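The structure file input.csv is reproduced below (CSV, C-alpha atoms).
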```csv
chain,number,residue,atom,x,y,z
A,1,MET,CA,-24.4,-8.3,11.6
A,2,ASP,CA,-27.7,-9.2,9.9
A,3,LEU,CA,-29.8,-7.2,7.5
A,4,ASP,CA,-32.2,-5.9,10.2
A,5,ALA,CA,-29.3,-4.7,12.3
A,6,PHE,CA,-27.7,-2.9,9.3
A,7,ARG,CA,-31.0,-1.2,8.4
A,8,MET,CA,-31.2,0.1,12.0
A,9,LEU,CA,-27.7,1.6,11.6
A,10,ILE,CA,-28.6,3.7,8.6
A,11,THR,CA,-31.5,5.4,10.4
A,12,PRO,CA,-30.9,8.7,12.1
A,13,ALA,CA,-30.9,6.9,15.5
A,14,GLY,CA,-28.6,4.3,14.2
A,15,ARG,CA,-26.1,6.9,12.8
A,16,GLY,CA,-26.2,8.6,16.2
A,17,ALA,CA,-25.3,5.3,17.9
A,18,LEU,CA,-22.6,4.7,15.4
A,19,ASP,CA,-21.1,8.1,16.0
A,20,GLU,CA,-21.1,7.5,19.7
A,21,ALA,CA,-19.5,4.0,19.3
A,22,VAL,CA,-16.7,5.6,17.2
A,23,LYS,CA,-16.0,8.2,19.9
A,24,ILE,CA,-16.0,5.6,22.7
A,25,LEU,CA,-13.5,3.4,20.8
A,26,ALA,CA,-11.4,6.3,19.9
A,27,ASP,CA,-11.2,7.2,23.6
A,28,GLY,CA,-9.6,3.8,24.3
A,29,ALA,CA,-12.5,1.9,25.9
A,30,ASP,CA,-12.2,-1.9,25.9
A,31,PRO,CA,-15.0,-3.8,24.2
A,32,VAL,CA,-16.8,-4.7,27.4
A,33,ALA,CA,-16.7,-1.1,28.8
A,34,ALA,CA,-17.7,0.3,25.4
A,35,ALA,CA,-20.8,-2.0,25.1
A,36,SER,CA,-21.8,-1.1,28.7
A,37,ALA,CA,-21.5,2.6,28.0
A,38,LEU,CA,-23.5,2.4,24.7
A,39,ARG,CA,-26.3,0.3,26.1
A,40,LYS,CA,-27.1,3.2,28.6
A,41,SER,CA,-28.6,5.2,25.7
A,42,HIS,CA,-29.4,2.6,23.0
A,43,PRO,CA,-31.1,-0.8,22.7
A,44,ALA,CA,-28.7,-3.7,23.1
A,45,ASP,CA,-29.0,-4.9,19.5
A,46,LEU,CA,-28.3,-1.5,18.1
A,47,ALA,CA,-25.4,-0.9,20.5
A,48,ALA,CA,-23.9,-4.2,19.4
A,49,ALA,CA,-24.3,-3.4,15.7
A,50,ALA,CA,-22.8,0.1,16.2
A,51,LEU,CA,-19.8,-1.2,18.0
A,52,THR,CA,-19.2,-3.8,15.4
A,53,GLN,CA,-19.4,-1.3,12.6
A,54,ALA,CA,-17.2,1.2,14.5
A,55,SER,CA,-14.5,-1.5,15.0
A,56,LEU,CA,-14.7,-2.3,11.3
A,57,ARG,CA,-14.3,1.3,10.3
A,58,ARG,CA,-11.1,1.5,12.4
A,59,ARG,CA,-9.7,-1.5,10.7
A,60,ALA,CA,-10.7,-0.1,7.3
A,61,GLU,CA,-8.7,3.1,7.7
A,62,VAL,CA,-5.5,1.2,6.6
A,63,LYS,CA,-7.2,0.3,3.3
A,64,PHE,CA,-9.7,3.0,2.7
A,65,GLY,CA,-8.2,6.0,4.4
A,66,PRO,CA,-10.6,8.9,5.2
A,67,ASP,CA,-13.4,7.2,3.3
A,68,ALA,CA,-13.6,4.6,6.0
A,69,ALA,CA,-15.1,7.1,8.4
A,70,VAL,CA,-18.4,7.2,6.5
A,71,MET,CA,-18.4,3.7,4.8
A,72,TYR,CA,-20.0,0.5,6.0
A,73,PHE,CA,-18.4,-2.9,6.1
A,74,THR,CA,-18.7,-6.6,6.9
A,75,PRO,CA,-15.6,-8.5,8.1
A,76,HIS,CA,-15.5,-10.6,4.9
A,77,GLY,CA,-16.4,-7.6,2.7
A,78,LEU,CA,-13.6,-5.5,4.1
A,79,GLU,CA,-11.1,-8.3,3.7
A,80,GLN,CA,-12.1,-9.0,0.1
A,81,ALA,CA,-12.6,-5.4,-1.0
A,82,THR,CA,-10.2,-4.1,-3.6
A,83,ARG,CA,-7.6,-1.6,-2.3
A,84,PRO,CA,-8.7,1.9,-3.6
A,85,GLU,CA,-5.4,2.5,-5.3
A,86,VAL,CA,-5.8,-0.7,-7.4
A,87,ALA,CA,-9.5,0.0,-8.1
A,88,ALA,CA,-8.7,3.6,-9.2
A,89,HIS,CA,-6.0,2.2,-11.6
A,90,ARG,CA,-8.5,-0.1,-13.2
A,91,ALA,CA,-11.2,2.5,-13.3
A,92,THR,CA,-8.8,4.9,-15.1
A,93,ARG,CA,-8.2,2.4,-17.8
A,94,ILE,CA,-11.9,1.7,-18.1
A,95,ARG,CA,-12.7,5.4,-18.2
A,96,ALA,CA,-10.2,5.9,-21.0
A,97,ALA,CA,-12.0,3.2,-23.1
A,98,GLY,CA,-15.1,5.4,-23.2
A,99,GLY,CA,-13.4,8.2,-25.2
A,100,PRO,CA,-14.1,11.9,-24.9
A,101,GLU,CA,-17.9,11.4,-24.3
A,102,GLY,CA,-17.3,9.8,-20.9
A,103,GLY,CA,-16.8,6.5,-19.2
A,104,PRO,CA,-18.6,3.5,-20.6
A,105,ALA,CA,-21.7,2.1,-18.7
A,106,VAL,CA,-20.4,-0.8,-16.6
A,107,LEU,CA,-22.2,-3.9,-15.3
A,108,ASP,CA,-20.4,-4.8,-12.0
A,109,VAL,CA,-21.3,-8.4,-11.0
A,110,CYS,CA,-20.4,-9.7,-7.6
A,111,CYS,CA,-19.9,-6.1,-6.5
A,112,GLY,CA,-19.3,-6.9,-2.8
A,113,ILE,CA,-19.3,-3.8,-0.5
A,114,GLY,CA,-18.5,-1.7,-3.5
A,115,GLY,CA,-14.8,-1.0,-3.6
A,116,ASP,CA,-14.6,-1.2,-7.4
A,117,LEU,CA,-18.0,0.4,-8.2
A,118,LEU,CA,-17.0,3.4,-6.1
A,119,ALA,CA,-13.8,3.9,-8.1
A,120,LEU,CA,-15.7,3.4,-11.4
A,121,ALA,CA,-18.3,6.0,-10.4
A,122,ARG,CA,-15.6,8.5,-9.3
A,123,ALA,CA,-14.0,8.0,-12.7
A,124,GLY,CA,-17.3,9.0,-14.3
A,125,CYS,CA,-18.6,5.6,-15.3
A,126,PRO,CA,-22.3,4.9,-14.7
A,127,VAL,CA,-22.5,1.5,-12.9
A,128,ASP,CA,-25.2,-1.0,-12.4
A,129,ALA,CA,-24.1,-3.4,-9.7
A,130,VAL,CA,-25.3,-6.9,-8.7
A,131,ASP,CA,-24.6,-9.1,-5.7
A,132,LEU,CA,-26.1,-12.3,-4.6
A,133,ASP,CA,-26.2,-11.4,-0.9
A,134,LEU,CA,-28.9,-9.0,0.2
A,135,LEU,CA,-26.9,-7.5,3.1
A,136,THR,CA,-23.9,-7.0,0.9
A,137,ALA,CA,-25.9,-5.3,-1.8
A,138,GLU,CA,-27.5,-2.9,0.8
A,139,ILE,CA,-24.0,-2.0,2.1
A,140,ALA,CA,-22.8,-1.3,-1.4
A,141,ARG,CA,-25.8,1.0,-2.0
A,142,ALA,CA,-25.2,2.7,1.4
A,143,ASN,CA,-21.5,3.3,0.6
A,144,ALA,CA,-22.3,4.9,-2.8
A,145,ALA,CA,-24.8,7.2,-1.0
A,146,ALA,CA,-22.3,8.0,1.8
A,147,LEU,CA,-19.7,9.1,-0.7
A,148,GLY,CA,-22.1,11.1,-2.8
A,149,LEU,CA,-22.1,8.8,-5.8
A,150,SER,CA,-25.7,7.5,-5.9
A,151,SER,CA,-26.5,9.4,-9.1
A,152,LEU,CA,-24.1,7.1,-11.0
A,153,VAL,CA,-24.7,3.9,-9.1
A,154,GLY,CA,-27.5,1.4,-9.0
A,155,VAL,CA,-27.3,-1.7,-6.9
A,156,ARG,CA,-29.6,-4.7,-6.9
A,157,THR,CA,-29.6,-8.2,-5.5
A,158,GLY,CA,-29.3,-11.0,-8.1
A,159,ASP,CA,-27.4,-13.9,-9.5
A,160,ALA,CA,-24.5,-12.9,-11.6
A,161,ALA,CA,-25.0,-15.9,-13.8
A,162,LEU,CA,-28.4,-14.4,-14.9
A,163,ALA,CA,-27.1,-10.9,-15.7
A,164,ASP,CA,-27.1,-9.6,-19.3
A,165,PRO,CA,-23.9,-7.7,-20.1
A,166,GLY,CA,-24.9,-7.1,-23.7
A,167,GLY,CA,-26.4,-3.6,-23.0
A,168,TYR,CA,-23.3,-2.2,-21.3
A,169,GLY,CA,-20.0,-0.9,-22.5
A,170,LEU,CA,-18.0,-3.1,-20.2
A,171,LEU,CA,-18.5,-6.1,-17.8
A,172,PHE,CA,-16.6,-5.9,-14.5
A,173,ALA,CA,-16.6,-9.2,-12.7
A,174,ASP,CA,-15.1,-10.1,-9.3
A,175,PRO,CA,-16.1,-13.7,-8.7
A,176,ALA,CA,-16.1,-14.8,-5.0
A,177,ARG,CA,-12.9,-16.8,-4.2
A,178,ARG,CA,-14.0,-18.0,-0.8
A,179,GLY,CA,-16.2,-21.0,0.0
A,180,ALA,CA,-17.3,-22.9,3.1
A,181,ARG,CA,-13.7,-24.2,3.6
A,182,GLY,CA,-12.0,-20.8,3.2
A,183,ARG,CA,-10.2,-19.2,0.3
A,184,THR,CA,-10.0,-21.1,-2.9
A,185,PHE,CA,-7.3,-20.8,-5.6
A,186,ASP,CA,-9.1,-23.0,-8.2
A,187,PRO,CA,-11.1,-20.8,-10.7
A,188,MET,CA,-13.5,-23.7,-11.1
A,189,ALA,CA,-14.5,-23.2,-7.4
A,190,TYR,CA,-15.1,-19.5,-7.9
A,191,SER,CA,-18.7,-18.3,-7.5
A,192,PRO,CA,-19.8,-18.0,-10.2
A,193,THR,CA,-17.6,-20.7,-11.6
A,194,TRP,CA,-15.1,-20.0,-14.3
A,195,PRO,CA,-17.3,-21.3,-17.2
A,196,VAL,CA,-20.1,-19.0,-16.1
A,197,VAL,CA,-17.7,-16.1,-15.9
A,198,LEU,CA,-16.4,-16.8,-19.4
A,199,ASP,CA,-20.0,-17.0,-20.7
A,200,LEU,CA,-20.6,-13.6,-19.4
A,201,VAL,CA,-17.4,-12.3,-21.0
A,202,ALA,CA,-18.4,-13.8,-24.3
A,203,ARG,CA,-21.6,-11.8,-24.3
A,204,ALA,CA,-20.0,-8.5,-23.3
A,205,PRO,CA,-18.4,-6.1,-25.7
A,206,ALA,CA,-15.5,-5.6,-23.3
A,207,ALA,CA,-14.7,-7.0,-19.9
A,208,CYS,CA,-12.3,-6.7,-16.9
A,209,LEU,CA,-12.1,-9.7,-14.6
A,210,LYS,CA,-10.6,-9.4,-11.1
A,211,VAL,CA,-8.8,-12.7,-10.3
A,212,ALA,CA,-6.3,-14.0,-7.8
A,213,PRO,CA,-2.6,-13.3,-8.7
A,214,GLY,CA,-1.9,-17.0,-8.6
A,215,ILE,CA,-4.5,-17.8,-11.3
A,216,PRO,CA,-3.2,-20.8,-13.4
A,217,TYR,CA,-2.1,-19.4,-16.8
A,218,GLU,CA,-4.2,-22.0,-18.7
A,219,PHE,CA,-7.3,-20.2,-17.4
A,220,ILE,CA,-6.5,-17.0,-19.2
A,221,PRO,CA,-8.6,-16.7,-22.3
A,222,GLU,CA,-6.7,-16.6,-25.6
A,223,GLY,CA,-6.3,-13.1,-26.9
A,224,ALA,CA,-6.9,-11.5,-23.5
A,225,GLU,CA,-4.5,-9.3,-21.6
A,226,ALA,CA,-3.4,-10.5,-18.2
A,227,GLU,CA,-2.3,-7.8,-15.9
A,228,TRP,CA,-0.6,-8.3,-12.5
A,229,VAL,CA,-0.7,-5.4,-10.1
A,230,SER,CA,1.8,-4.8,-7.3
A,231,TYR,CA,1.2,-2.3,-4.5
A,232,ARG,CA,4.2,-1.1,-2.6
A,233,GLY,CA,6.1,-4.3,-3.5
A,234,GLU,CA,3.3,-6.8,-2.8
A,235,VAL,CA,1.4,-8.4,-5.6
A,236,LYS,CA,-2.3,-7.7,-4.8
A,237,GLU,CA,-4.2,-9.2,-7.7
A,238,ALA,CA,-4.5,-9.8,-11.4
A,239,ALA,CA,-7.0,-8.5,-13.9
A,240,ILE,CA,-7.9,-10.1,-17.2
A,241,TRP,CA,-8.9,-7.6,-19.9
A,242,THR,CA,-10.9,-8.4,-23.1
A,243,GLY,CA,-12.3,-6.3,-25.9
A,244,MET,CA,-10.2,-3.3,-25.3
A,245,GLY,CA,-7.5,-3.8,-27.9
A,246,ALA,CA,-5.2,-5.2,-25.3
A,247,GLY,CA,-3.4,-8.5,-25.3
A,248,GLY,CA,-0.4,-10.3,-23.9
A,249,ARG,CA,1.0,-9.8,-20.4
A,250,ARG,CA,1.4,-6.6,-18.3
A,251,ALA,CA,2.8,-5.8,-14.9
A,252,THR,CA,1.9,-2.6,-13.1
A,253,LEU,CA,3.4,-1.0,-10.0
A,254,LEU,CA,1.4,1.2,-7.7
A,255,PRO,CA,1.4,3.9,-6.5
A,256,SER,CA,3.9,5.0,-9.2
A,257,GLY,CA,1.8,3.7,-12.1
A,258,ALA,CA,4.8,2.2,-13.9
A,259,THR,CA,3.8,-0.5,-16.3
A,260,LEU,CA,5.8,-3.1,-18.2
A,261,THR,CA,4.7,-5.2,-21.2
A,262,ALA,CA,6.3,-8.1,-23.1
A,263,SER,CA,8.9,-6.9,-25.5
A,264,GLY,CA,10.3,-10.2,-26.7
A,265,ALA,CA,13.4,-9.8,-24.7
A,266,GLU,CA,15.4,-12.9,-23.8
A,267,ALA,CA,17.6,-13.1,-20.7
A,268,GLU,CA,20.9,-14.9,-20.9
A,269,THR,CA,22.4,-16.6,-17.8
A,270,GLY,CA,25.8,-15.9,-16.3
A,271,PRO,CA,27.9,-15.6,-13.2
A,272,VAL,CA,27.2,-13.4,-10.2
A,273,SER,CA,28.1,-9.8,-11.0
A,274,ARG,CA,28.6,-6.9,-8.7
A,275,TYR,CA,24.8,-6.1,-8.2
A,276,LEU,CA,21.8,-8.3,-7.6
A,277,TYR,CA,18.3,-7.2,-8.7
A,278,GLU,CA,15.2,-8.7,-7.2
A,279,PRO,CA,12.4,-8.3,-9.8
A,280,ASP,CA,9.0,-7.3,-8.4
A,281,GLY,CA,6.5,-10.1,-8.0
A,282,ALA,CA,4.2,-8.6,-10.7
A,283,ALA,CA,6.9,-8.8,-13.3
A,284,VAL,CA,7.7,-12.4,-12.2
A,285,ARG,CA,4.0,-13.5,-12.4
A,286,ALA,CA,3.7,-11.8,-15.8
A,287,HIS,CA,6.8,-13.6,-17.1
A,288,LEU,CA,8.6,-10.3,-17.7
A,289,VAL,CA,11.8,-11.0,-15.8
A,290,ALA,CA,13.7,-10.8,-19.1
A,291,GLU,CA,12.4,-7.3,-19.6
A,292,VAL,CA,13.6,-6.3,-16.1
A,293,ALA,CA,17.0,-7.8,-16.9
A,294,ALA,CA,17.1,-5.6,-20.1
A,295,LEU,CA,16.4,-2.5,-18.0
A,296,VAL,CA,19.6,-3.0,-16.0
A,297,SER,CA,21.7,-4.6,-18.7
A,298,GLY,CA,21.8,-7.8,-16.7
A,299,HIS,CA,21.4,-11.5,-16.9
A,300,LEU,CA,20.0,-14.4,-14.8
A,301,LEU,CA,21.9,-16.4,-12.4
A,302,ASP,CA,19.8,-19.4,-13.3
A,303,PRO,CA,17.2,-19.7,-16.1
A,304,ARG,CA,14.5,-20.8,-13.7
A,305,ILE,CA,15.1,-18.3,-10.9
A,306,ALA,CA,13.9,-14.7,-10.9
A,307,TYR,CA,17.2,-13.1,-9.8
A,308,VAL,CA,19.0,-10.7,-12.1
A,309,THR,CA,22.6,-9.7,-11.8
A,310,SER,CA,24.6,-6.9,-13.5
A,311,ASP,CA,27.7,-4.9,-13.2
A,312,ARG,CA,25.6,-1.7,-13.8
A,313,LEU,CA,24.0,0.2,-11.0
A,314,VAL,CA,20.6,1.3,-12.4
A,315,ARG,CA,17.7,2.9,-10.6
A,316,THR,CA,14.4,1.2,-11.4
A,317,ASP,CA,11.1,0.7,-9.7
A,318,TRP,CA,11.0,-2.8,-11.0
A,319,ALA,CA,13.7,-4.3,-8.8
A,320,PRO,CA,15.4,-3.5,-5.5
A,321,CYS,CA,19.2,-3.5,-5.9
A,322,TYR,CA,21.8,-5.1,-3.6
A,323,GLU,CA,25.5,-5.0,-3.8
A,324,VAL,CA,27.0,-8.5,-3.6
A,325,THR,CA,29.9,-8.8,-1.2
A,326,ASP,CA,30.3,-12.6,-0.9
A,327,VAL,CA,29.2,-15.6,-2.9
A,328,MET,CA,29.4,-19.1,-1.4
A,329,PRO,CA,27.9,-22.5,-1.9
A,330,PHE,CA,25.3,-22.8,0.9
A,331,SER,CA,26.7,-24.3,4.1
A,332,LEU,CA,25.4,-23.4,7.5
A,333,LYS,CA,28.9,-23.6,9.0
A,334,ARG,CA,30.5,-21.5,6.3
A,335,LEU,CA,27.7,-18.9,6.3
A,336,ARG,CA,27.8,-18.6,10.1
A,337,ALA,CA,31.6,-18.2,10.1
A,338,ALA,CA,31.4,-15.5,7.4
A,339,LEU,CA,28.7,-13.5,9.4
A,340,ARG,CA,30.7,-13.9,12.6
A,341,GLU,CA,33.8,-12.6,10.9
A,342,ARG,CA,31.9,-9.5,9.7
A,343,ARG,CA,30.3,-9.0,13.1
A,344,VAL,CA,26.8,-9.2,11.6
A,345,GLY,CA,24.1,-9.3,14.3
A,346,ALA,CA,21.0,-8.6,12.1
A,347,VAL,CA,20.1,-10.2,8.8
A,348,THR,CA,17.3,-9.9,6.2
A,349,ILE,CA,16.9,-13.3,4.6
A,350,LYS,CA,15.5,-13.6,1.0
A,351,LYS,CA,15.1,-16.7,-1.0
A,352,ARG,CA,14.0,-17.9,-4.4
A,353,GLY,CA,14.5,-21.5,-5.5
A,354,SER,CA,15.7,-22.5,-2.1
A,355,ALA,CA,14.1,-25.1,0.3
A,356,VAL,CA,15.9,-23.7,3.4
A,357,ASP,CA,13.6,-22.9,6.3
A,358,VAL,CA,14.3,-19.3,6.9
A,359,GLU,CA,13.2,-19.0,10.5
A,360,ARG,CA,15.2,-22.1,11.5
A,361,LEU,CA,18.2,-20.8,9.7
A,362,ARG,CA,17.9,-17.5,11.5
A,363,LYS,CA,18.1,-19.3,14.8
A,364,ASP,CA,20.9,-21.6,13.7
A,365,LEU,CA,23.1,-18.7,12.7
A,366,ARG,CA,23.4,-17.5,16.3
A,367,LEU,CA,24.1,-14.0,15.2
A,368,SER,CA,26.1,-11.6,17.3
A,369,GLY,CA,27.4,-8.2,16.3
A,370,ASP,CA,26.6,-4.6,15.4
A,371,ASP,CA,26.5,-4.8,11.6
A,372,SER,CA,23.7,-6.0,9.3
A,373,ALA,CA,23.5,-7.8,6.0
A,374,VAL,CA,21.1,-9.3,3.5
A,375,ILE,CA,21.4,-13.0,2.8
A,376,VAL,CA,20.1,-14.3,-0.5
A,377,LEU,CA,19.5,-18.0,-0.8
A,378,THR,CA,19.1,-19.3,-4.3
A,379,ARG,CA,20.0,-22.1,-6.7
A,380,ILE,CA,22.5,-21.8,-9.5
A,381,GLU,CA,22.7,-24.8,-11.9
A,382,GLU,CA,21.0,-27.1,-9.3
A,383,ARG,CA,23.5,-26.1,-6.6
A,384,PRO,CA,22.3,-24.1,-3.5
A,385,PHE,CA,24.2,-20.8,-3.0
A,386,ALA,CA,24.2,-18.0,-0.4
A,387,LEU,CA,25.0,-14.5,-1.4
A,388,LEU,CA,25.9,-11.9,1.2
A,389,CYS,CA,24.7,-8.4,0.1
A,390,ARG,CA,24.0,-4.9,1.3
A,391,PRO,CA,21.1,-2.8,0.0
A,392,VAL,CA,21.8,-0.1,-2.5
A,393,THR,CA,19.8,3.0,-1.4
A,394,SER,CA,20.6,5.1,-4.4
A,395,ALA,CA,21.6,4.3,-8.0
A,396,ASN,CA,22.5,6.2,-11.1
A,397,GLY,CA,21.5,5.1,-14.6
```

Structure encoded using structure tokens:
Amino acid sequence: MDLDAFRMLITPAGRGALDEAVKILADGADPVAAASALRKSHPADLAAAALTQASLRRRAEVKFGPDAAVMYFTPHGLEQATRPEVAAHRATRIRAAGGPEGGPAVLDVCCGIGGDLLALARAGCPVDAVDLDLLTAEIARANAAALGLSSLVGVRTGDAALADPGGYGLLFADPARRGARGRTFDPMAYSPTWPVVLDLVARAPAACLKVAPGIPYEFIPEGAEAEWVSYRGEVKEAAIWTGMGAGGRRATLLPSGATLTASGAEAETGPVSRYLYEPDGAAVRAHLVAEVAALVSGHLLDPRIAYVTSDRLVRTDWAPCYEVTDVMPFSLKRLRAALRERRVGAVTIKKRGSAVDVERLRKDLRLSGDDSAVIVLTRIEERPFALLCRPVTSANG
């Protein structure tokens, strides 16, 4: 979709075509039939733009829920947009930094289609947003209007590198992490590049940087807080905070809002106990596995592997718990025999510190039976091990 097509969509005629496209797709029409039906009452270019947008709105429902029905998207913008629960979590922290008078004024550079600026505005923060792409900026502006937030939001087209964060309470930056060859994991290949981002941070009284969860630790500025956020067990992203009195490492779980910070805990290593805990990826990335071990009075199986074991059964959001039924050095023959003996026909395979190809192993096990089990593949003192477990669905502290 180009800029002219989008501008057609936000006219009264365009909104009418989009409403029709949404209904046609909801009725189950295939793309060819939908296009044919829409072209009977609308120009071909408007029909195509409306069907594209209607399809994007359907895809966006998973991420944006009811808001998707009135928002506008591009395929790339939808993919890269922050999940609303994560954006709301950050916006709440930023709003709190403003004190009782209200949220701080925020400069949002690289705003995309507006996932974060919408959350900031809803939290009561006035936002000036900038994006290099004209179409993307127009869509962000339209999304703010569609959700009734225009009074708190201003969007313009511009180069983030030329923005001046000095007149705002906080800089929010979400540098693009996708180039001509696809997604990049190197901050030096971000757009704007990491040195430019850090220059913006240096000129801002406070800042929040949205970055990939796999950001190399050496890129985290000294004195900043690095926060990893997990949503329903999946690490979604990391944020780097400066100028807000924060520091160190933090892991946060959503939707519960549970948070964990470094306490100085040190985890010992020891043998496999009755229960195995699998720390959430946010805690792993934040180097807070020892803190999780302390929560369950546990220890590590291996100092370099993020599995915790304990004789205590403890309910915690920070780690699913499994009861260990068998421990054996890894051997396909031995593992297959153990599963056959227990009549296990379905397995969940987990691994940390193991080079085993999970899908090939699943085929090689030749499972048959009515029972199920969890197989944990790991390494203990350089030796590969397999642990047979069953999930613990309830626990008492």

(request) Pick out the closest residue to Val356 in chain A from this set: A:Thr184, A:Thr259, A:Thr309, A:Ser331. Count only C-alpha atoms. (result)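 Of all the options, A:Ser331 lies closest to Val356 in chain A.
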
(message) To one decimal place in Å, what is the distance between CA of Ala267 in chain A and CA of Glu291 in chain A?
(response)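 So the answer is 7.9 Å.
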
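Using only C-alpha atoms for every distance, the candidate list A:Ala47, A:Ala265, A:Ile305, A:Leu18 yields A:Ala265 as the residue closest to Leu288 in chain A.
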
(request) Between CA of Ser354 in chain A and CA of Ala212 in chain A, measure the distance and give it in Å to one decimal. (result)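 According to the coordinates, CA of Ser354 in chain A and CA of Ala212 in chain A are separated by 24.3 Å.
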
(message) Between A:Arg285, A:Arg249, A:Lys333, A:Arg383, which residue has the minimum interatomic distance to Asp302 in chain A, considering all atoms listed in the file?
(response)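 Checking each of A:Arg285, A:Arg249, A:Lys333, A:Arg383 against Asp302 in chain A, counting all atoms listed in the file, the winner is A:Arg383.
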
(message) Taking all atoms listed in the file into account, name the residue in A:Asp371, A:Pro205, A:Glu61, A:Gly124 that is nearest to Thr92 in chain A.
(response)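 Using all atoms listed in the file, the shortest distance to Thr92 in chain A belongs to A:Gly124.
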
(request) Fewer than 5 positions away in the same chain doesn't count, so skip those; otherwise give me all residues within 10 Å of Leu332 in chain A, counting only C-alpha atoms, as a list in words. (result) Ala337, Ala338, Leu361, Asp364, Leu365 and Ala386 of chain A

(request) Name all residues at most 10 Å from Val201 in chain A (count all atoms listed in the file; drop same-chain ones fewer than 4 positions away) and give them as a VMD selection string. (result) chain A and resid 165 to 166 170 to 173 195 to 197 205 to 209 221 241 to 243

(message) Just checking: using all atoms listed in the file, which residue out of A:Met1, A:Ala204, A:Met8, A:Ile240 ends up closest to Tyr217 in chain A?
(response) A:Ile240

(message) Would you compute the distance between CA of Ala144 in chain A and CA of Arg15 in chain A? Give it in Å to one decimal.
(response)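 Result for CA of Ala144 in chain A versus CA of Arg15 in chain A: 16.2 Å, one decimal.
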
(message) Could you check the closest approach to Ala87 in chain A for each of A:Leu387, A:Val289, A:Leu118, A:Ala34 and tell me which residue wins, using all atoms listed in the file?
(response)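 Ranked by minimum distance to Ala87 in chain A, first place goes to A:Leu118.
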